[in-house]
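Heads up: the structure comes next, in structure tokens.
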Number of protein chains: 2
Amino acid sequence: MATININGNIQEASCDQELAAIKDSLEILGGKWKLRIMRHLNNHVGEKNTFKKLQREIEGISAKMLSKELQDLEMNLLVSRTVMDTRPVTVNYSITDYGLSVFPVTETLVQWGLNHRQKIKA
Amino acid sequence: MATININGNIQEASCDQELAAIKDSLEILGGKWKLRIMRHLNNHVGEKNTFKKLQREIEGISAKMLSKELQDLEMNLLVSRTVMDTRPVTVNYSITDYGLSVFPVTETLVQWGLNHRQKIKA
DNA sequence: CGGAATCCGGCCCGATACTG
DNA sequence: CAGTATCGGGCCGGATTCCG
């Protein structure tokens with residue numbers, strides 16, 4: 001099916017798959033808060049990152065957004081959620097090993113973004 | 001100014017710059033059409049990529065969005081615009097050398113996205 | 001042909017109030 | 001403490017129409 005090469009049809013076909021993959025990536029990297037949360041968790045690994053602590057330390061985030069974004073990240077296996085049986089209950093969030101895999105990707109975004117800012121202002 | 005290291009303040013400070021750089025990158029990679037346009041232009045380099053040809057070949061895009069996105073890309077030096085003095089006038093778009101620099105970045109997004117899809121469905 | 005102008009719906013996100 | 005419910009604004013993007 002991918003053998004017809006007459007007019008560059010192969011590139012167009014694979015292009016769709018690649019665009020879908022990019023979309024998947026951007027859905028996680030693209031929001032306003034997901035990367036902030038991931039980076040914060042990574043900078044505070046080893047601490048008890050409770051919901052309230054995160055809300056205090058991640059400047060400007062509302063409880064609603066923090067809750068929603070943490071659920072998204074957990075569904076994507078990037079963040080783990082642990083209910084501690086304290087009184088009253090606290091919940092501890094931490095980045096997963098798999099979650100660390102986003103940082104090489106974000107690093108390329110950082111480098112390109114920095115370079116682009118130079119390019120544009122020149 | 002970045003020497004105060006008591007509570008991890010350095011990471012937080014540089015974090016802001018990096019998040020700004022990421023935001024810059026995502027503003028270009030993030031929209032619905034910019035990457036499709038860039039990739040299409042790259043797959044059809046050497047052809048006369050007129051506005052109408054792009055609108056025909058980039059499936060689903062409206063004139064309004066194509067116009068707007070091309071302007072954005074041109075302002076960011078990623079795409080060049082050439083008015084041909086035909087009658088009636090046609091305009092030719094092509095990707096710039098600098099524009100090619102986005103593809104290494106998108107490639108990391110493709111790889112992570114493909115891997116993530118595997119990870120999630122497992 | 002290559003746009004610009006306008007209207008409009010959906011969704012992301014913030015503010016506020018409430019629950020177990 | 002750890003969320004959920006509700007309301008609403010803003011912006012992205014689609015459909016349509018008009019201009020040089």
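Identifiers in the structure tokens: chain A, B, ... in order shown; residue index from 1 per chain; ligand index from 1 in order shown.
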Next item on the list: Mind checking which residues fall within 10 Å of Val105 of chain B, counting only C-alpha atoms (C1' of nucleotides), ignoring those fewer than 4 positions away in the same chain, and posting them as a ChimeraX atom specification?
Entry: /A:105-109,111-112 /B:25,29,100-101,109-110
Next item on the list: Quick one: everything within 10 Å of DT19 of chain C, counting only C-alpha atoms (C1' of nucleotides), minus sequence neighbours fewer than 2 positions away in the same chain. Send it as a list in words.
Entry: DG3, DT4 and DA5 of chain D
Residues of the last selection are to be written out with N, CA and C atoms (P, O5', C5', C4', C3', O3' and C1' of nucleotides), as an mmCIF file, in the first residue's frame.
data_model
loop_
_atom_site.group_PDB
_atom_site.id
_atom_site.type_symbol
_atom_site.label_atom_id
_atom_site.label_comp_id
_atom_site.auth_asym_id
_atom_site.auth_seq_id
_atom_site.Cartn_x
_atom_site.Cartn_y
_atom_site.Cartn_z
ATOM 1 P P DG D 3 -7.176 14.921 44.916
ATOM 2 O "O5'" DG D 3 -7.578 16.308 44.277
ATOM 3 C "C5'" DG D 3 -8.639 16.329 43.346
ATOM 4 C "C4'" DG D 3 -9.980 16.445 44.059
ATOM 5 C "C3'" DG D 3 -11.117 16.807 43.146
ATOM 6 O "O3'" DG D 3 -11.707 15.641 42.618
ATOM 7 C "C1'" DG D 3 -11.261 17.873 45.292
ATOM 8 P P DT D 4 -12.440 15.787 41.167
ATOM 9 O "O5'" DT D 4 -13.924 16.361 41.370
ATOM 10 C "C5'" DT D 4 -14.834 15.767 42.279
ATOM 11 C "C4'" DT D 4 -16.071 16.653 42.355
ATOM 12 C "C3'" DT D 4 -16.655 17.036 40.989
ATOM 13 O "O3'" DT D 4 -18.064 16.832 41.060
ATOM 14 C "C1'" DT D 4 -16.258 18.984 42.268
ATOM 15 P P DA D 5 -18.986 17.013 39.744
ATOM 16 O "O5'" DA D 5 -19.639 18.449 39.914
ATOM 17 C "C5'" DA D 5 -19.975 18.962 41.207
ATOM 18 C "C4'" DA D 5 -20.882 20.174 41.060
ATOM 19 C "C3'" DA D 5 -21.439 20.396 39.655
ATOM 20 O "O3'" DA D 5 -22.724 21.003 39.770
ATOM 21 C "C1'" DA D 5 -19.960 22.177 40.208
#
Notebook entry, point to check: as number ranges by chain, which residues of chain B does DSSP assign to helix (DSSP H, G or I)?
Noted result: B: 9-29, 34-43, 51-57, 63-75, 98-121
Next item on the list: Point out the residue among A:Lys64, A:Asp24, A:Ser14, A:Leu35 with the least atom-to-atom distance to chain C, counting only C-alpha atoms (C1' of nucleotides).
Entry: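 That would be A:Lys64, the residue with the smallest distance to chain C.
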Can you tell me, as a short mmCIF file (atom, residue, chain, number, x, y, z; two decimals) with N, CA, C and O atoms (P, O5', C5', C4', C3', O3' and C1' of nucleotides), in the first residue's frame, what residues are no more than 12 Å from segment 10-13 of chain D when counting only C-alpha atoms (C1' of nucleotides), ignoring any on the same chain fewer than 3 positions away?
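What follows is the written file out.cif:
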data_model
loop_
_atom_site.label_atom_id
_atom_site.label_comp_id
_atom_site.auth_asym_id
_atom_site.auth_seq_id
_atom_site.Cartn_x
_atom_site.Cartn_y
_atom_site.Cartn_z
N GLY B 30 2.26 24.63 17.68
CA GLY B 30 1.05 24.19 18.35
C GLY B 30 -0.24 24.31 17.57
O GLY B 30 -1.12 23.52 17.77
N GLY B 31 -0.36 25.27 16.71
CA GLY B 31 -1.64 25.49 16.04
C GLY B 31 -2.09 24.29 15.22
O GLY B 31 -1.40 23.28 15.13
N LYS B 32 -3.24 24.41 14.64
CA LYS B 32 -3.79 23.29 13.88
C LYS B 32 -3.15 23.15 12.51
O LYS B 32 -3.09 22.05 11.96
N TRP B 33 -2.65 24.25 11.95
CA TRP B 33 -2.26 24.22 10.55
C TRP B 33 -0.79 24.48 10.26
O TRP B 33 -0.28 24.08 9.22
N GLY B 60 -8.84 20.53 3.86
CA GLY B 60 -9.70 21.05 4.90
C GLY B 60 -9.43 22.48 5.32
O GLY B 60 -10.20 23.06 6.07
N ILE B 61 -8.34 23.07 4.86
CA ILE B 61 -8.02 24.42 5.34
C ILE B 61 -8.85 25.46 4.59
O ILE B 61 -9.11 25.33 3.40
N SER B 62 -9.29 26.47 5.33
CA SER B 62 -10.04 27.56 4.72
C SER B 62 -9.08 28.65 4.26
O SER B 62 -7.94 28.72 4.71
N ALA B 63 -9.58 29.52 3.38
CA ALA B 63 -8.74 30.62 2.90
C ALA B 63 -8.30 31.51 4.05
O ALA B 63 -7.15 31.95 4.10
N LYS B 64 -9.22 31.74 4.96
CA LYS B 64 -8.89 32.61 6.08
C LYS B 64 -7.72 32.07 6.89
O LYS B 64 -6.76 32.77 7.18
N MET B 65 -7.79 30.79 7.24
CA MET B 65 -6.74 30.21 8.06
C MET B 65 -5.44 30.13 7.28
O MET B 65 -4.37 30.42 7.81
N LEU B 66 -5.53 29.73 6.01
CA LEU B 66 -4.30 29.64 5.21
C LEU B 66 -3.61 30.99 5.14
O LEU B 66 -2.40 31.11 5.33
N LYS B 68 -3.92 33.57 7.21
CA LYS B 68 -3.42 33.98 8.52
C LYS B 68 -2.17 33.20 8.91
O LYS B 68 -1.18 33.78 9.38
N GLU B 69 -2.20 31.91 8.71
CA GLU B 69 -1.07 31.09 9.12
C GLU B 69 0.17 31.40 8.28
O GLU B 69 1.29 31.45 8.79
P DC C 8 -23.94 36.15 14.45
"O5'" DC C 8 -23.79 34.56 14.43
"C5'" DC C 8 -22.82 33.97 13.58
"C4'" DC C 8 -22.34 32.63 14.11
"C3'" DC C 8 -22.66 32.33 15.57
"O3'" DC C 8 -22.91 30.94 15.73
"C1'" DC C 8 -20.33 32.32 15.27
P DG C 9 -23.80 30.37 16.94
"O5'" DG C 9 -23.08 29.01 17.33
"C5'" DG C 9 -22.77 28.06 16.32
"C4'" DG C 9 -21.54 27.25 16.71
"C3'" DG C 9 -21.59 26.66 18.12
"O3'" DG C 9 -21.13 25.31 18.06
"C1'" DG C 9 -19.62 27.94 17.85
P DG C 10 -21.30 24.38 19.33
"O5'" DG C 10 -19.80 24.03 19.75
"C5'" DG C 10 -18.83 23.77 18.75
"C4'" DG C 10 -17.44 23.69 19.35
"C3'" DG C 10 -17.38 23.04 20.73
"O3'" DG C 10 -16.23 22.23 20.80
"C1'" DG C 10 -16.54 25.26 20.86
P DC C 11 -16.04 21.22 22.00
"O5'" DC C 11 -14.66 21.69 22.67
"C5'" DC C 11 -13.59 22.10 21.84
"C4'" DC C 11 -12.66 23.00 22.63
"C3'" DC C 11 -12.40 22.52 24.07
"O3'" DC C 11 -11.06 22.80 24.39
"C1'" DC C 11 -13.19 24.71 24.11
P DC C 12 -10.16 21.73 25.19
"O5'" DC C 12 -9.05 22.66 25.85
"C5'" DC C 12 -8.40 23.64 25.05
"C4'" DC C 12 -8.24 24.92 25.84
"C3'" DC C 12 -7.71 24.73 27.26
"O3'" DC C 12 -6.54 25.51 27.41
"C1'" DC C 12 -9.60 26.17 27.24
P DC C 13 -5.56 25.19 28.65
"O5'" DC C 13 -6.11 26.24 29.71
"C5'" DC C 13 -6.18 27.61 29.35
"C4'" DC C 13 -7.10 28.35 30.30
"C3'" DC C 13 -6.85 28.09 31.78
"O3'" DC C 13 -6.21 29.23 32.35
"C1'" DC C 13 -9.17 28.30 31.23
P DG C 14 -5.84 29.24 33.91
"O5'" DG C 14 -6.88 30.28 34.51
"C5'" DG C 14 -7.05 31.55 33.90
"C4'" DG C 14 -8.14 32.32 34.61
"C3'" DG C 14 -8.07 32.29 36.13
"O3'" DG C 14 -8.32 33.58 36.67
"C1'" DG C 14 -10.17 31.46 35.41
#
Margin query: Show me, as a PyMOL selection string, the residues of chain B whose atoms get within 9 Å of chain C, using only C-alpha atoms (C1' of nucleotides) for the distance check.
Written below: chain B and resi 51-52+63-64+67+87-91
Save out the residues we just selected, all heavy atoms, as a PDB file, in the first residue's frame.
ATOM      1  N   PHE B  51      -1.116  30.238  -3.565  1.00  0.00           N
ATOM      2  CA  PHE B  51      -2.140  30.202  -2.512  1.00  0.00           C
ATOM      3  C   PHE B  51      -3.216  29.169  -2.837  1.00  0.00           C
ATOM      4  O   PHE B  51      -3.573  28.330  -2.000  1.00  0.00           O
ATOM      5  CB  PHE B  51      -2.742  31.592  -2.368  1.00  0.00           C
ATOM      6  CG  PHE B  51      -3.678  31.738  -1.215  1.00  0.00           C
ATOM      7  CD1 PHE B  51      -3.201  32.155   0.023  1.00  0.00           C
ATOM      8  CD2 PHE B  51      -5.024  31.474  -1.352  1.00  0.00           C
ATOM      9  CE1 PHE B  51      -4.065  32.293   1.101  1.00  0.00           C
ATOM     10  CE2 PHE B  51      -5.890  31.606  -0.274  1.00  0.00           C
ATOM     11  CZ  PHE B  51      -5.407  32.021   0.942  1.00  0.00           C
ATOM     12  N   LYS B  52      -3.693  29.225  -4.067  1.00  0.00           N
ATOM     13  CA  LYS B  52      -4.788  28.328  -4.452  1.00  0.00           C
ATOM     14  C   LYS B  52      -4.330  26.878  -4.452  1.00  0.00           C
ATOM     15  O   LYS B  52      -5.086  25.991  -4.030  1.00  0.00           O
ATOM     16  CB  LYS B  52      -5.291  28.724  -5.852  1.00  0.00           C
ATOM     17  CG  LYS B  52      -6.740  28.375  -6.102  1.00  0.00           C
ATOM     18  CD  LYS B  52      -7.637  29.112  -5.133  1.00  0.00           C
ATOM     19  CE  LYS B  52      -9.114  28.867  -5.445  1.00  0.00           C
ATOM     20  NZ  LYS B  52      -9.980  29.631  -4.538  1.00  0.00           N
ATOM     21  N   ALA B  63      -9.576  29.523   3.385  1.00  0.00           N
ATOM     22  CA  ALA B  63      -8.741  30.617   2.899  1.00  0.00           C
ATOM     23  C   ALA B  63      -8.300  31.507   4.047  1.00  0.00           C
ATOM     24  O   ALA B  63      -7.152  31.948   4.101  1.00  0.00           O
ATOM     25  CB  ALA B  63      -9.504  31.430   1.863  1.00  0.00           C
ATOM     26  N   LYS B  64      -9.221  31.738   4.961  1.00  0.00           N
ATOM     27  CA  LYS B  64      -8.890  32.610   6.077  1.00  0.00           C
ATOM     28  C   LYS B  64      -7.722  32.067   6.888  1.00  0.00           C
ATOM     29  O   LYS B  64      -6.763  32.774   7.183  1.00  0.00           O
ATOM     30  CB  LYS B  64     -10.102  32.775   6.989  1.00  0.00           C
ATOM     31  CG  LYS B  64      -9.784  33.392   8.332  1.00  0.00           C
ATOM     32  CD  LYS B  64     -10.991  33.359   9.242  1.00  0.00           C
ATOM     33  CE  LYS B  64     -10.601  33.426  10.704  1.00  0.00           C
ATOM     34  NZ  LYS B  64     -11.738  33.274  11.589  1.00  0.00           N
ATOM     35  N   SER B  67      -4.400  32.018   4.900  1.00  0.00           N
ATOM     36  CA  SER B  67      -3.833  33.365   4.831  1.00  0.00           C
ATOM     37  C   SER B  67      -3.190  33.768   6.144  1.00  0.00           C
ATOM     38  O   SER B  67      -2.046  34.233   6.193  1.00  0.00           O
ATOM     39  CB  SER B  67      -4.943  34.350   4.472  1.00  0.00           C
ATOM     40  OG  SER B  67      -4.486  35.681   4.594  1.00  0.00           O
ATOM     41  N   ARG B  87      -0.843  37.738 -14.664  1.00  0.00           N
ATOM     42  CA  ARG B  87      -2.138  38.401 -14.739  1.00  0.00           C
ATOM     43  C   ARG B  87      -3.223  37.347 -14.803  1.00  0.00           C
ATOM     44  O   ARG B  87      -3.316  36.642 -15.802  1.00  0.00           O
ATOM     45  CB  ARG B  87      -2.178  39.277 -15.995  1.00  0.00           C
ATOM     46  CG  ARG B  87      -3.480  40.032 -16.186  1.00  0.00           C
ATOM     47  CD  ARG B  87      -3.299  41.149 -17.187  1.00  0.00           C
ATOM     48  NE  ARG B  87      -2.277  42.109 -16.755  1.00  0.00           N
ATOM     49  CZ  ARG B  87      -2.503  43.104 -15.890  1.00  0.00           C
ATOM     50  NH1 ARG B  87      -3.702  43.230 -15.365  1.00  0.00           N
ATOM     51  NH2 ARG B  87      -1.551  43.926 -15.545  1.00  0.00           N
ATOM     52  N   PRO B  88      -4.059  37.220 -13.779  1.00  0.00           N
ATOM     53  CA  PRO B  88      -3.969  38.009 -12.540  1.00  0.00           C
ATOM     54  C   PRO B  88      -2.797  37.553 -11.685  1.00  0.00           C
ATOM     55  O   PRO B  88      -2.228  36.496 -11.927  1.00  0.00           O
ATOM     56  CB  PRO B  88      -5.298  37.727 -11.856  1.00  0.00           C
ATOM     57  CG  PRO B  88      -5.712  36.397 -12.356  1.00  0.00           C
ATOM     58  CD  PRO B  88      -5.133  36.228 -13.727  1.00  0.00           C
ATOM     59  N   VAL B  89      -2.497  38.330 -10.663  1.00  0.00           N
ATOM     60  CA  VAL B  89      -1.316  38.034  -9.854  1.00  0.00           C
ATOM     61  C   VAL B  89      -1.446  36.680  -9.159  1.00  0.00           C
ATOM     62  O   VAL B  89      -2.530  36.270  -8.745  1.00  0.00           O
ATOM     63  CB  VAL B  89      -1.120  39.105  -8.764  1.00  0.00           C
ATOM     64  CG1 VAL B  89      -0.587  40.378  -9.366  1.00  0.00           C
ATOM     65  CG2 VAL B  89      -2.376  39.319  -7.975  1.00  0.00           C
ATOM     66  N   THR B  90      -0.334  35.990  -9.071  1.00  0.00           N
ATOM     67  CA  THR B  90      -0.254  34.798  -8.238  1.00  0.00           C
ATOM     68  C   THR B  90       0.849  35.028  -7.212  1.00  0.00           C
ATOM     69  O   THR B  90       1.755  35.833  -7.428  1.00  0.00           O
ATOM     70  CB  THR B  90       0.073  33.545  -9.065  1.00  0.00           C
ATOM     71  OG1 THR B  90       1.300  33.747  -9.758  1.00  0.00           O
ATOM     72  CG2 THR B  90      -1.028  33.259 -10.056  1.00  0.00           C
ATOM     73  N   VAL B  91       0.741  34.347  -6.110  1.00  0.00           N
ATOM     74  CA  VAL B  91       1.734  34.482  -5.045  1.00  0.00           C
ATOM     75  C   VAL B  91       2.317  33.114  -4.770  1.00  0.00           C
ATOM     76  O   VAL B  91       1.586  32.128  -4.666  1.00  0.00           O
ATOM     77  CB  VAL B  91       1.110  35.070  -3.770  1.00  0.00           C
ATOM     78  CG1 VAL B  91       2.169  35.272  -2.706  1.00  0.00           C
ATOM     79  CG2 VAL B  91       0.410  36.376  -4.085  1.00  0.00           C
TER      80      VAL B  91
END
